[in-house]
>>> print(open('start_12.cif').read())   # mmCIF, C-alpha atoms
data_coords
#
loop_
_atom_site.label_atom_id
_atom_site.label_comp_id
_atom_site.auth_asym_id
_atom_site.auth_seq_id
_atom_site.Cartn_x
_atom_site.Cartn_y
_atom_site.Cartn_z
CA MET A 403 26.90 -108.21 -121.31
CA LYS A 404 23.81 -108.66 -119.18
CA SER A 405 22.68 -111.15 -116.56
CA LYS A 406 19.10 -112.36 -116.38
CA LYS A 407 17.00 -109.40 -115.30
CA HIS A 408 15.59 -110.93 -112.12
CA LEU A 409 19.14 -111.98 -111.09
CA SER A 410 20.78 -108.63 -111.83
CA PHE A 411 22.33 -106.79 -108.90
CA THR A 412 19.75 -104.00 -109.12
CA SER A 413 16.82 -106.43 -109.06
CA LEU A 414 18.28 -108.38 -106.13
CA ARG A 415 19.07 -105.17 -104.25
CA ARG A 416 15.50 -103.97 -104.72
CA ALA A 417 14.21 -107.26 -103.30
CA ALA A 418 16.32 -106.70 -100.19
CA SER A 419 15.18 -103.06 -100.02
CA ALA A 420 11.53 -104.15 -100.00
CA VAL A 421 12.20 -106.42 -96.99
CA PHE A 422 14.18 -103.72 -95.16
CA ARG A 423 11.38 -101.19 -95.62
CA GLU A 424 8.90 -103.54 -93.93
CA LEU A 425 11.03 -104.11 -90.82
CA PRO A 426 9.43 -102.94 -87.57
CA ASP A 427 10.76 -99.65 -86.24
CA LYS A 428 9.62 -98.60 -82.76
CA ARG A 429 11.34 -95.23 -82.88
CA ARG A 430 9.24 -92.07 -83.03
CA GLN A 431 8.98 -91.65 -86.78
CA LYS A 432 8.74 -87.84 -86.63
CA SER A 433 12.19 -87.67 -85.05
CA VAL A 434 13.84 -90.32 -87.26
CA THR A 435 16.80 -89.02 -89.25
CA TYR A 436 18.06 -92.34 -90.57
CA PRO A 437 15.34 -94.78 -91.74
CA MET A 438 15.66 -98.48 -90.96
CA HIS A 439 16.13 -99.19 -94.68
CA ASP A 440 19.11 -96.85 -94.94
CA ALA A 441 20.77 -98.33 -91.86
CA MET A 442 20.37 -101.93 -93.05
CA MET A 443 21.38 -101.10 -96.61
CA SER A 444 24.41 -99.13 -95.41
CA GLY A 445 25.53 -102.17 -93.43
CA LEU A 446 25.03 -104.39 -96.47
CA ALA A 447 27.05 -102.00 -98.65
CA CYS A 448 29.99 -102.16 -96.22
CA MET A 449 29.92 -105.96 -96.30
CA TYR A 450 29.37 -106.04 -100.05
CA PHE A 451 32.49 -103.95 -100.72
CA GLN A 452 34.36 -105.65 -97.85
CA GLU A 453 35.07 -102.24 -96.38
CA PRO A 454 34.04 -101.62 -92.74
CA SER A 455 34.81 -97.89 -93.08
CA LEU A 456 32.98 -97.39 -96.39
CA LEU A 457 30.44 -95.03 -94.82
CA GLN A 458 33.13 -92.50 -93.95
CA PHE A 459 34.31 -92.25 -97.55
CA GLN A 460 30.80 -91.92 -98.94
CA ARG A 461 29.94 -89.17 -96.45
CA SER A 462 32.94 -87.24 -97.77
CA MET A 463 31.74 -87.73 -101.34
CA GLU A 464 28.26 -86.55 -100.32
CA GLU A 465 29.71 -83.36 -98.84
CA GLU A 466 31.83 -82.61 -101.90
CA ARG A 467 29.46 -83.64 -104.71
CA HIS A 468 26.04 -83.80 -103.03
CA ASN A 469 25.82 -87.39 -104.20
CA ASN A 470 27.49 -90.72 -103.40
CA ASN A 471 27.71 -94.33 -104.51
CA LEU A 472 25.65 -95.54 -101.57
CA ARG A 473 22.74 -93.59 -103.03
CA THR A 474 23.22 -94.60 -106.67
CA MET A 475 23.94 -98.28 -106.01
CA PHE A 476 22.13 -99.05 -102.75
CA ASP A 477 19.40 -96.39 -102.60
CA VAL A 478 20.69 -95.02 -99.29
CA GLN A 479 19.35 -91.50 -98.90
CA SER A 480 20.88 -90.68 -95.51
CA ILE A 481 24.13 -92.19 -94.25
CA PRO A 482 24.27 -93.04 -90.53
CA SER A 483 27.48 -93.20 -88.56
CA ASP A 484 28.74 -96.59 -87.41
CA THR A 485 27.34 -96.00 -83.92
CA GLN A 486 23.97 -94.86 -85.24
CA LEU A 487 23.79 -97.85 -87.60
CA GLY A 488 24.36 -100.25 -84.71
CA GLU A 489 21.73 -98.62 -82.51
CA ILE A 490 19.12 -98.73 -85.27
CA ILE A 491 19.48 -102.38 -86.32
CA ASP A 492 20.17 -103.83 -82.84
CA PRO A 493 16.47 -104.46 -81.96
CA ILE A 494 15.64 -106.27 -85.23
CA PRO A 495 15.32 -110.09 -84.95
CA GLY A 496 17.38 -111.96 -87.52
CA ASP A 497 14.43 -113.64 -89.23
CA TRP A 498 14.46 -110.85 -91.84
CA TYR A 499 17.12 -112.83 -93.71
CA ARG A 500 14.68 -115.68 -94.35
CA GLY A 501 12.52 -113.59 -96.68
CA ILE A 502 15.46 -112.42 -98.77
CA SER A 503 17.12 -115.85 -98.89
CA ARG A 504 13.85 -117.48 -99.97
CA GLN A 505 13.43 -114.99 -102.82
CA TYR A 506 17.00 -115.42 -104.04
CA VAL A 507 16.86 -119.23 -103.99
CA ASN A 508 13.50 -119.22 -105.78
CA ARG A 509 14.88 -116.87 -108.45
CA LEU A 510 17.86 -119.15 -108.98
CA GLN A 511 15.52 -122.12 -109.35
CA ARG A 512 13.25 -120.33 -111.84
CA SER A 513 16.22 -119.45 -114.02
CA ASN A 514 17.56 -123.05 -113.91
CA GLN A 515 20.74 -121.88 -112.19
CA LEU A 516 20.33 -124.63 -109.57
CA GLN A 517 19.72 -127.50 -111.95
CA ASP A 518 23.38 -128.53 -111.87
CA PHE A 519 23.31 -128.49 -108.06
CA GLN A 520 20.99 -131.53 -107.84
CA LEU A 521 22.81 -134.44 -106.19
CA PHE A 522 20.07 -136.80 -107.38
CA PRO A 523 17.29 -135.84 -109.82
CA GLY A 524 15.16 -133.24 -108.06
CA LYS A 525 17.11 -133.49 -104.77
CA TYR A 526 19.45 -130.83 -103.36
CA LEU A 527 22.14 -131.37 -100.75
CA VAL A 528 21.85 -128.74 -98.00
CA ALA A 529 24.70 -129.05 -95.50
CA MET A 530 24.57 -127.74 -91.93
CA ASP A 531 27.45 -126.67 -89.73
CA ALA A 532 28.16 -124.19 -86.96
CA THR A 533 30.76 -121.45 -86.96
CA GLN A 534 32.07 -119.19 -84.22
CA TYR A 535 32.41 -115.62 -85.44
CA PHE A 536 33.33 -113.82 -82.21
CA SER A 537 35.40 -114.75 -79.17
CA SER A 538 36.73 -112.65 -76.32
CA GLY A 539 37.81 -112.98 -72.73
CA ALA A 540 36.42 -109.57 -71.82
CA ILE A 541 33.90 -108.16 -74.30
CA HIS A 542 30.46 -109.73 -74.02
CA CYS A 543 26.70 -109.23 -74.05
CA LYS A 544 23.67 -111.03 -72.57
CA GLN A 545 23.34 -113.22 -75.67
CA CYS A 546 26.95 -114.49 -75.63
CA LEU A 547 27.62 -118.18 -75.18
CA THR A 548 30.06 -118.76 -72.34
CA LYS A 549 32.87 -121.23 -71.88
CA LYS A 550 34.36 -121.47 -68.41
CA HIS A 551 37.95 -122.68 -68.10
CA ARG A 552 39.72 -124.54 -65.30
CA ASP A 553 41.76 -121.47 -64.38
CA GLY A 554 38.55 -119.59 -63.55
CA THR A 555 38.47 -117.45 -66.68
CA THR A 556 35.54 -117.24 -69.08
CA THR A 557 35.48 -116.98 -72.86
CA TYR A 558 32.51 -115.22 -74.46
CA GLN A 559 31.43 -116.31 -77.92
CA HIS A 560 28.94 -115.73 -80.70
CA SER A 561 28.14 -118.66 -83.01
CA ALA A 562 25.67 -119.38 -85.80
CA LEU A 563 24.40 -122.54 -87.44
CA GLN A 564 24.63 -122.14 -91.20
CA THR A 565 23.04 -124.04 -94.08
CA ALA A 566 24.35 -123.99 -97.64
CA LEU A 567 23.22 -125.67 -100.84
CA MET A 568 26.14 -127.37 -102.60
CA HIS A 569 27.25 -130.00 -105.10
CA PRO A 570 30.53 -131.97 -105.33
CA ASP A 571 31.25 -130.59 -108.83
CA LYS A 572 30.42 -126.94 -108.13
CA LYS A 573 32.90 -124.56 -106.51
CA GLN A 574 30.15 -122.13 -105.55
CA VAL A 575 27.99 -122.76 -102.51
CA ILE A 576 24.59 -121.11 -102.10
CA PRO A 577 24.27 -119.78 -98.53
CA MET A 578 20.74 -120.43 -97.35
CA MET A 579 19.40 -119.76 -93.89
CA ALA A 580 21.27 -119.31 -90.62
CA GLU A 581 20.19 -119.69 -87.01
CA ASP A 582 21.62 -117.76 -84.11
CA ILE A 583 23.05 -119.93 -81.32
CA ARG A 584 22.42 -117.58 -78.44
CA ASN A 585 21.38 -117.31 -74.86
CA GLY A 586 17.97 -115.72 -74.34
CA ASP A 587 16.20 -113.98 -71.50
CA GLY A 588 15.33 -116.37 -68.69
CA GLN A 589 16.97 -119.31 -70.46
CA ALA A 590 17.91 -122.00 -67.93
CA LYS A 591 20.31 -123.97 -70.18
CA GLN A 592 22.79 -122.59 -72.66
CA ASP A 593 21.76 -122.85 -76.32
CA CYS A 594 23.56 -125.43 -78.46
CA GLU A 595 24.09 -126.50 -82.05
CA ILE A 596 21.51 -129.32 -81.94
CA ASN A 597 18.73 -127.10 -80.59
CA ALA A 598 19.57 -124.49 -83.21
CA ALA A 599 19.46 -127.21 -85.91
CA LYS A 600 16.00 -128.33 -84.81
CA ARG A 601 14.73 -124.75 -85.06
CA LEU A 602 16.46 -124.18 -88.36
CA ILE A 603 15.16 -127.18 -90.29
CA VAL A 604 11.58 -126.19 -89.42
CA LYS A 605 12.18 -122.70 -90.81
CA LEU A 606 13.97 -124.13 -93.83
CA ARG A 607 10.99 -126.31 -94.69
CA GLN A 608 8.56 -123.42 -94.16
CA SER A 609 10.58 -121.25 -96.55
CA HIS A 610 10.93 -123.97 -99.19
CA PRO A 611 7.90 -126.28 -98.81
CA LYS A 612 8.32 -127.96 -102.21
CA MET A 613 12.10 -128.28 -102.40
CA GLU A 614 13.39 -131.83 -101.97
CA MET A 615 16.33 -131.47 -99.62
CA ILE A 616 18.99 -133.85 -98.33
CA ALA A 617 20.30 -132.56 -95.01
CA GLY A 618 24.06 -133.04 -94.65
CA GLY A 619 26.03 -132.81 -91.45
CA ASP A 620 28.72 -134.19 -89.19
CA ASP A 621 28.55 -136.87 -86.52
CA LEU A 622 26.81 -134.52 -84.09
CA PHE A 623 23.61 -134.82 -86.13
CA SER A 624 23.58 -138.60 -86.71
CA HIS A 625 21.66 -139.42 -83.56
CA GLN A 626 18.05 -140.43 -83.11
CA PRO A 627 16.44 -137.13 -81.96
CA MET A 628 17.94 -135.17 -84.86
CA ILE A 629 17.17 -137.85 -87.44
CA ILE A 630 13.54 -137.95 -86.29
CA ALA A 631 13.36 -134.14 -86.48
CA VAL A 632 14.72 -134.16 -90.05
CA LYS A 633 12.30 -136.87 -91.15
CA GLU A 634 9.36 -134.98 -89.65
CA GLU A 635 10.21 -132.12 -92.03
CA LYS A 636 10.14 -134.61 -94.95
CA MET A 637 13.86 -134.27 -95.66
CA ASN A 638 16.38 -136.97 -96.50
CA PHE A 639 19.74 -136.96 -94.72
CA ILE A 640 23.39 -137.94 -95.10
CA PHE A 641 25.14 -137.66 -91.73
CA VAL A 642 28.65 -138.70 -90.73
CA ALA A 643 28.61 -141.68 -88.35
CA LEU A 644 31.80 -142.35 -86.37
CA PRO A 645 32.49 -145.75 -84.75
CA SER A 646 33.34 -144.03 -81.46
CA SER A 647 29.86 -142.52 -81.08
CA HIS A 648 27.85 -145.37 -82.69
CA THR A 649 29.21 -148.43 -80.91
CA CYS A 650 25.92 -150.38 -81.04
CA MET A 651 25.49 -149.86 -84.77
CA PHE A 652 29.06 -150.86 -85.60
CA LYS A 653 28.74 -153.93 -83.35
CA TYR A 654 25.63 -154.87 -85.33
CA LEU A 655 27.53 -154.39 -88.60
CA ALA A 656 30.40 -156.58 -87.38
CA THR A 657 27.95 -159.30 -86.31
CA ASN A 658 26.22 -159.22 -89.69
CA GLN A 659 29.35 -158.76 -91.80
CA HIS A 660 28.14 -161.38 -94.29
CA GLN A 661 25.20 -159.13 -95.24
CA ILE A 662 27.34 -156.10 -96.10
CA SER A 663 27.56 -155.31 -99.83
CA GLU A 664 30.87 -154.25 -101.37
CA ARG A 665 32.27 -152.51 -104.41
CA PHE A 666 35.91 -151.89 -105.41
CA ASP A 667 37.21 -149.16 -107.73
CA GLU A 668 40.64 -147.88 -108.65
CA ASP A 669 41.28 -144.41 -107.24
CA GLY A 670 43.41 -143.25 -110.19
CA GLU A 671 46.64 -143.10 -108.17
CA GLY A 672 47.48 -146.79 -107.98
CA GLY A 673 45.28 -147.48 -104.96
CA ILE A 674 41.89 -149.03 -104.39
CA VAL A 675 38.64 -147.50 -103.12
CA HIS A 676 36.50 -149.93 -101.14
CA TYR A 677 32.80 -149.10 -100.71
CA GLN A 678 30.65 -150.97 -98.21
CA TRP A 679 26.97 -150.59 -97.39
CA MET A 680 24.09 -152.22 -95.57
CA ASN A 681 20.46 -151.12 -95.53
CA ASP A 682 17.97 -151.29 -92.64
CA VAL A 683 20.44 -151.11 -89.76
CA PRO A 684 19.41 -150.17 -86.18
CA LEU A 685 21.07 -146.90 -85.15
CA THR A 686 21.11 -147.81 -81.44
CA GLY A 687 20.63 -150.85 -79.27
CA GLU A 688 17.24 -149.67 -78.01
CA LYS A 689 13.94 -151.33 -78.99
CA ASP A 690 12.61 -148.09 -80.48
CA SER A 691 15.77 -147.41 -82.49
CA VAL A 692 15.33 -145.74 -85.86
CA ARG A 693 16.52 -147.81 -88.82
CA VAL A 694 19.11 -146.27 -91.12
CA ASN A 695 21.15 -147.24 -94.17
CA PHE A 696 24.89 -147.41 -93.58
CA PHE A 697 27.66 -146.83 -96.13
CA SER A 698 31.41 -146.24 -95.97
CA ARG A 699 34.44 -145.52 -98.13
CA THR A 700 37.99 -146.70 -97.45
CA VAL A 701 40.98 -145.75 -99.59
CA TYR A 702 43.84 -148.24 -99.73
CA THR A 703 47.25 -147.14 -100.98
CA LEU A 704 50.37 -149.13 -101.85
CA ASN A 705 53.21 -148.92 -99.36
CA ALA A 706 56.87 -149.75 -99.89
CA SER A 707 56.18 -153.45 -99.41
CA ILE A 708 53.62 -153.39 -102.23
CA LEU A 709 50.93 -154.04 -99.64
CA LEU A 710 47.65 -152.17 -99.40
CA THR A 711 47.31 -149.87 -96.40
CA ALA A 712 44.10 -148.09 -95.40
CA SER A 713 44.88 -144.37 -95.58
CA LYS A 714 41.39 -142.81 -95.42
CA HIS A 715 38.13 -144.04 -94.00
CA HIS A 716 34.73 -142.33 -93.83
CA SER A 717 31.32 -143.65 -92.84
CA TRP A 718 27.79 -142.24 -92.95
CA VAL A 719 24.15 -143.05 -92.35
CA THR A 720 21.25 -142.08 -94.60
CA ASP A 721 17.59 -142.84 -95.21
CA ILE A 722 18.20 -143.23 -98.96
CA ASN A 723 18.36 -146.88 -100.03
CA VAL A 724 21.99 -147.65 -100.90
CA ASP A 725 22.98 -149.85 -103.84
CA ALA A 726 25.88 -150.37 -106.24
CA GLY A 727 24.47 -147.74 -108.57
CA ASN A 728 24.29 -144.82 -106.13
CA VAL A 729 26.89 -145.53 -103.43
CA LYS A 730 29.58 -143.42 -105.15
CA THR A 731 27.19 -140.47 -105.44
CA LEU A 732 26.20 -140.79 -101.80
CA VAL A 733 29.86 -140.84 -100.79
CA ARG A 734 30.57 -137.76 -102.89
CA GLY A 735 27.62 -136.06 -101.22
CA GLY A 736 28.89 -137.05 -97.79
CA LEU A 737 32.39 -135.73 -98.51
CA CYS A 738 30.94 -132.58 -100.09
CA ARG A 739 29.84 -131.43 -96.63
CA TRP A 740 33.32 -129.95 -96.14
CA LYS A 741 32.48 -127.24 -98.66
CA ILE A 742 30.50 -125.34 -96.05
CA GLU A 743 33.73 -125.00 -94.08
CA ASN A 744 36.11 -124.49 -96.99
CA GLU A 745 34.04 -122.44 -99.44
CA CYS A 746 31.75 -120.63 -96.99
CA PHE A 747 33.24 -120.10 -93.52
CA ASN A 748 36.86 -119.92 -94.66
CA THR A 749 35.92 -117.38 -97.35
CA LEU A 750 33.94 -115.22 -94.91
CA LYS A 751 36.70 -115.27 -92.29
CA ASN A 752 39.87 -115.12 -94.35
CA GLN A 753 39.11 -113.67 -97.78
CA GLY A 754 38.05 -110.09 -97.17
CA TYR A 755 34.59 -110.33 -95.61
CA ASN A 756 35.82 -109.47 -92.09
CA LEU A 757 33.38 -111.93 -90.49
CA LYS A 758 35.33 -112.02 -87.23
CA HIS A 759 35.52 -108.24 -86.97
CA ASN A 760 33.83 -106.99 -83.79
CA TYR A 761 31.10 -104.59 -84.93
CA ALA A 762 29.86 -104.23 -81.29
CA HIS A 763 27.30 -106.43 -79.58
CA GLY A 764 24.41 -104.16 -78.78
CA GLU A 765 21.66 -105.21 -76.42
CA ARG A 766 19.69 -107.66 -78.59
CA PHE A 767 20.52 -108.81 -82.14
CA LEU A 768 23.26 -106.51 -83.44
CA SER A 769 26.03 -109.11 -83.59
CA PHE A 770 23.90 -111.67 -85.45
CA ASN A 771 22.50 -109.02 -87.81
CA MET A 772 26.04 -108.06 -88.82
CA TYR A 773 26.72 -111.76 -89.47
CA LEU A 774 23.60 -111.94 -91.66
CA LEU A 775 24.50 -108.79 -93.61
CA THR A 776 27.92 -110.33 -94.31
CA LEU A 777 26.21 -113.54 -95.40
CA LEU A 778 23.82 -111.60 -97.66
CA ALA A 779 26.75 -109.85 -99.33
CA PHE A 780 28.40 -113.23 -99.93
CA PHE A 781 25.10 -114.56 -101.36
CA LEU A 782 24.94 -111.64 -103.82
CA HIS A 783 28.52 -112.32 -104.89
CA GLN A 784 27.81 -116.03 -105.39
CA ILE A 785 24.81 -115.27 -107.61
CA GLN A 786 27.00 -113.04 -109.75
CA GLU A 787 29.67 -115.72 -109.91
CA LEU A 788 27.00 -117.97 -111.45
CA ASN A 789 25.04 -115.55 -113.60
CA ALA A 790 26.59 -112.11 -114.26
CA PRO A 791 28.85 -111.86 -117.34
CA LEU A 792 30.14 -108.40 -116.34
CA TYR A 793 31.16 -109.65 -112.90
CA GLN A 794 32.75 -112.76 -114.42
CA ALA A 795 34.68 -110.61 -116.91
CA CYS A 796 36.02 -108.45 -114.06
CA ARG A 797 37.12 -111.53 -112.16
CA LYS A 798 38.94 -112.77 -115.23
CA LYS A 799 40.61 -109.41 -115.89
CA HIS A 800 41.85 -108.83 -112.33
CA GLY A 801 42.95 -112.43 -111.78
CA SER A 802 41.77 -112.78 -108.18
CA LYS A 803 38.93 -111.63 -105.97
CA LEU A 804 41.34 -109.73 -103.74
CA ASN A 805 42.77 -107.74 -106.64
CA MET A 806 39.32 -107.07 -108.11
CA TRP A 807 37.86 -105.73 -104.86
CA ASN A 808 40.95 -103.60 -104.20
CA HIS A 809 40.30 -101.91 -107.56
CA LEU A 810 36.55 -101.57 -107.04
CA ARG A 811 36.99 -100.00 -103.59
CA ALA A 812 39.51 -97.55 -104.99
CA TYR A 813 37.16 -96.55 -107.81
CA ILE A 814 34.11 -95.88 -105.60
CA LYS A 815 36.19 -93.67 -103.32
CA ALA A 816 37.35 -91.58 -106.25
CA PHE A 817 34.45 -91.56 -108.73
CA LEU A 818 30.67 -91.46 -108.75
CA PHE A 819 28.89 -94.24 -110.68
CA ASP A 820 25.31 -94.44 -111.92
CA ASN A 821 24.90 -98.03 -110.69
CA TRP A 822 26.78 -101.27 -109.97
CA GLU A 823 26.96 -102.25 -113.64
CA HIS A 824 28.48 -98.87 -114.49
CA LEU A 825 31.23 -99.53 -111.94
CA LEU A 826 32.00 -102.94 -113.47
CA GLU A 827 32.09 -101.50 -116.99
CA PHE A 828 34.49 -98.81 -115.78
CA SER A 829 36.67 -101.43 -114.08
CA LEU A 830 36.98 -103.36 -117.34
CA ALA A 831 38.20 -100.34 -119.31
CA PRO A 832 39.04 -97.27 -117.16
CA SER A 833 40.92 -95.61 -120.02
CA GLU A 834 37.70 -95.31 -122.03
CA TYR A 835 36.14 -93.15 -119.30
CA LEU A 836 39.08 -91.05 -118.09
CA PRO A 837 40.42 -88.14 -120.11
CA GLU A 838 43.77 -88.65 -121.74
CA ARG A 839 46.72 -87.13 -119.97
CA PRO A 840 48.20 -84.17 -121.84
CA THR A 841 51.56 -84.97 -123.36
CA ARG A 842 54.46 -82.68 -122.50
CA ALA A 843 55.95 -80.86 -125.45
CA PRO A 844 59.57 -81.83 -126.05
CA SER A 845 62.04 -79.31 -124.61
CA GLY A 846 64.26 -77.32 -126.86
#
>>> encode(input="start_12.cif", output="structure tokens")
Amino acid sequence: MKSKKHLSFTSLRRAASAVFRELPDKRRQKSVTYPMHDAMMSGLACMYFQEPSLLQFQRSMEEERHNNNLRTMFDVQSIPSDTQLGEIIDPIPGDWYRGISRQYVNRLQRSNQLQDFQLFPGKYLVAMDATQYFSSGAIHCKQCLTKKHRDGTTTYQHSALQTALMHPDKKQVIPMMAEDIRNGDGQAKQDCEINAAKRLIVKLRQSHPKMEMIAGGDDLFSHQPMIIAVKEEKMNFIFVALPSSHTCMFKYLATNQHQISERFDEDGEGGIVHYQWMNDVPLTGEKDSVRVNFFSRTVYTLNASILLTASKHHSWVTDINVDAGNVKTLVRGGLCRWKIENECFNTLKNQGYNLKHNYAHGERFLSFNMYLLTLLAFFLHQIQELNAPLYQACRKKHGSKLNMWNHLRAYIKAFLFDNWEHLLEFSLAPSEYLPERPTRAPSG
């Protein structure tokens, strides 16, 4: 069972290795014991196997057998300690992830793995959202965001703005680029999600100049400066628009209620779904207001009195012309935004990736680099979920990701494997590789 060659783990790992080997290293090369590549790849291996202490086990294997799985699977020739790893990768800006992400997305496109992710023909929904991955009342660094409380205490945080390609019908999300939300040297005002988003969409367009993208996001993004920034990068958008933060627009809609188009559908559970939309609506009450297309979805359910009661309501703005033929798809795209929270952030924080583990802050970029290495490991796993029959077979055999990774971690601590595929083959049928236990002769 083989995946497509350019999407195999070994091919993807080599692509990451090539980027790691080109990273700037200001250390005196004659005195370097642990190359930049080995430090970055060691960090990736820990995240990949969801094992923060993986390096310790592989060092033991190296001492006993003069070889280890970090070398055979990740091409790590010298294994740094945790402290050494942090010191080596701390000075490296996080833009290294862009090159790897761009390659992986392009490979998925070339192999038609992303065809089913198109929300509309040729258009991909790329949702944006921020996540906090570190918080402390004591531990902090110069780059930490700060939150001062009324009692005089301060909370120190690290956050990132994440993008992910997704589709309502696909469980997998494809993690694309991320932007650090951080305080910099000499920065007068604290960084924020909107400023990070403006930086990120420029980089996203530079990395994928020909990809037709629909930016998705919450109500924070559905304001004029962000919409203009998205349009300047030749992207479409679907942003949540709440009545509380768009009073002028909703007043305009109420005044022009007779122009609003409607569609009713049954929701399959005895209720009714009511779609409404109106094109060419002013976003604000200002003369220079951008014009947007509004649409909403309200679910009505039957109560005990056999009367319809509104139980769910969502509303958005977009630059895509809304009509009866596409309003349901637009709504599904708008609701799909939650996948970045449920399938990406929740997975990274609560399903073995240890995203909120404090790997130390360093002086420059260590914290964000550890976030990106975790994200890269998740990206590799998602590609295998889509494309690798061996990986899919292991998932099926072990029943859950947790059980599968528990087995894989146990195997690499006990045995040496030629490569990643060898490990998966072993995991599918350990009895075919291990010698049979001798049977005890019956007594008497």
>>> resolve_selection(input="start_12.cif", expression="the PyMOL selection byres ((chain A and resi 515) around 12)", output="list in words")
Ser405, Lys406, Leu409, Tyr506, Val507, Asn508, Arg509, Leu510, Gln511, Arg512, Ser513, Asn514, Leu516, Gln517, Asp518, Phe519, Gln520, Lys572, Gln574, Ile576, Gln784, Ile785, Gln786, Glu787, Leu788, Asn789 and Ala790 of chain A
>>> closest_residue(input="start_12.cif", among="A:Glu614, A:Asp593, A:Glu664, A:Asp721", to="Asp682 (chain A)", atoms="only C-alpha atoms")
A:Asp721
>>> closest_atom_pairs(input="start_12.cif", of="region 643-737 of chain A", to="region 619-633 of chain A", cutoff="8 Å", atoms="all atoms listed in the file", output="tab-separated table")
residue	atom	partner	partner_atom	distance
A:Ala643	CA	A:Asp621	CA	5.1
A:Leu644	CA	A:Asp621	CA	6.4
A:Ser647	CA	A:Asp621	CA	8.0
A:Leu685	CA	A:Gln626	CA	7.4
A:Ser691	CA	A:Gln626	CA	7.4
A:Val692	CA	A:Gln626	CA	6.6
A:Val719	CA	A:Ser624	CA	7.2
>>> resolve_selection(input="start_12.cif", expression="the PyMOL selection byres ((chain A and resi 652) around 12)", output="compact mmCIF listing (two decimals) with C-alpha atoms, keeping the file's coordinate frame")
# COMPACT_ATOMS: atom_id res chain seq x y z
CA ALA A 643 28.61 -141.68 -88.35
CA LEU A 644 31.80 -142.35 -86.37
CA PRO A 645 32.49 -145.75 -84.75
CA SER A 646 33.34 -144.03 -81.46
CA SER A 647 29.86 -142.52 -81.08
CA HIS A 648 27.85 -145.37 -82.69
CA THR A 649 29.21 -148.43 -80.91
CA CYS A 650 25.92 -150.38 -81.04
CA MET A 651 25.49 -149.86 -84.77
CA LYS A 653 28.74 -153.93 -83.35
CA TYR A 654 25.63 -154.87 -85.33
CA LEU A 655 27.53 -154.39 -88.60
CA ALA A 656 30.40 -156.58 -87.38
CA THR A 657 27.95 -159.30 -86.31
CA ASN A 658 26.22 -159.22 -89.69
CA GLN A 659 29.35 -158.76 -91.80
CA ILE A 662 27.34 -156.10 -96.10
CA TRP A 679 26.97 -150.59 -97.39
CA MET A 680 24.09 -152.22 -95.57
CA VAL A 683 20.44 -151.11 -89.76
CA PRO A 684 19.41 -150.17 -86.18
CA LEU A 685 21.07 -146.90 -85.15
CA THR A 686 21.11 -147.81 -81.44
CA GLY A 687 20.63 -150.85 -79.27
CA PHE A 696 24.89 -147.41 -93.58
CA PHE A 697 27.66 -146.83 -96.13
CA SER A 698 31.41 -146.24 -95.97
CA SER A 717 31.32 -143.65 -92.84
CA TRP A 718 27.79 -142.24 -92.95
CA VAL A 719 24.15 -143.05 -92.35
>>> resolve_selection(input="start_12.cif", expression="the PyMOL selection byres ((chain A and resi 491-496) around 10)", output="MDAnalysis selection string")
chainID A and resid 425:428 438:439 441:442 445 486:490 497:500 580:582 762:775
>>> axis_aligned_box(input="start_12.cif", around="region 630-644 of chain A", padding_each_side="5 Å", output="AutoDock Vina command-line options")
--center_x 20.6 --center_y -137.2 --center_z -91.4 --size_x 32.4 --size_y 20.2 --size_z 20.2
>>> atom_distance(input="start_12.cif", atom1="CA of Asn470 (chain A)", atom2="CA of Ser483 (chain A)")
15.0 Å
>>> atom_distance(input="start_12.cif", atom1="CA of Lys432 (chain A)", atom2="CA of Ile481 (chain A)")
17.7 Å
>>> residues_around(input="start_12.cif", residues="Phe411 (chain A)", least_positions_apart="2", cutoff="8 Å", atoms="all atoms listed in the file", output="PyMOL selection string")
chain A and resi 409+413-415+782+786+822
>>> atom_distance(input="start_12.cif", atom1="CA of Leu826 (chain A)", atom2="CA of Leu810 (chain A)")
8.0 Å
>>> residues_around(input="start_12.cif", residues="Ile541 (chain A)", least_positions_apart="2", cutoff="9 Å", atoms="all atoms listed in the file", output="PyMOL selection string")
chain A and resi 537-539+543+558+762-763
>>> closest_residue(input="start_12.cif", among="A:Met475, A:Ile596, A:Leu446, A:Val701", to="Asn821 (chain A)", atoms="only C-alpha atoms")
A:Met475
>>> closest_residue(input="start_12.cif", among="A:Lys798, A:Arg699, A:Lys815, A:His569", to="Cys738 (chain A)", atoms="all atoms listed in the file")
A:His569
>>> closest_residue(input="start_12.cif", among="A:Gln479, A:Thr749, A:Gln545, A:Gln564", to="Glu595 (chain A)", atoms="all atoms listed in the file")
A:Gln564
>>> residues_near_point(input="start_12.cif", point="(23.7, -120.8, -90.9)", cutoff="10 Å", atoms="all atoms listed in the file", output="list in words")
Ala529, Met530, Asp531, Ala532, Thr533, Ser561, Ala562, Leu563, Gln564, Thr565, Ala566, Pro577, Met578, Met579, Ala580, Glu581, Asp582, Ile583, Ala598, Ala599, Leu602, Ile742, Phe747, Tyr773, Leu774 and Leu777 of chain A
>>> closest_residue(input="start_12.cif", among="A:Gln661, A:Thr700, A:Gln559, A:Gln608", to="Ala540 (chain A)", atoms="only C-alpha atoms")
A:Gln559
>>> closest_residue(input="start_12.cif", among="A:Asn695, A:Asn597, A:Ser713, A:Asn471", to="His676 (chain A)", atoms="all atoms listed in the file")
A:Ser713
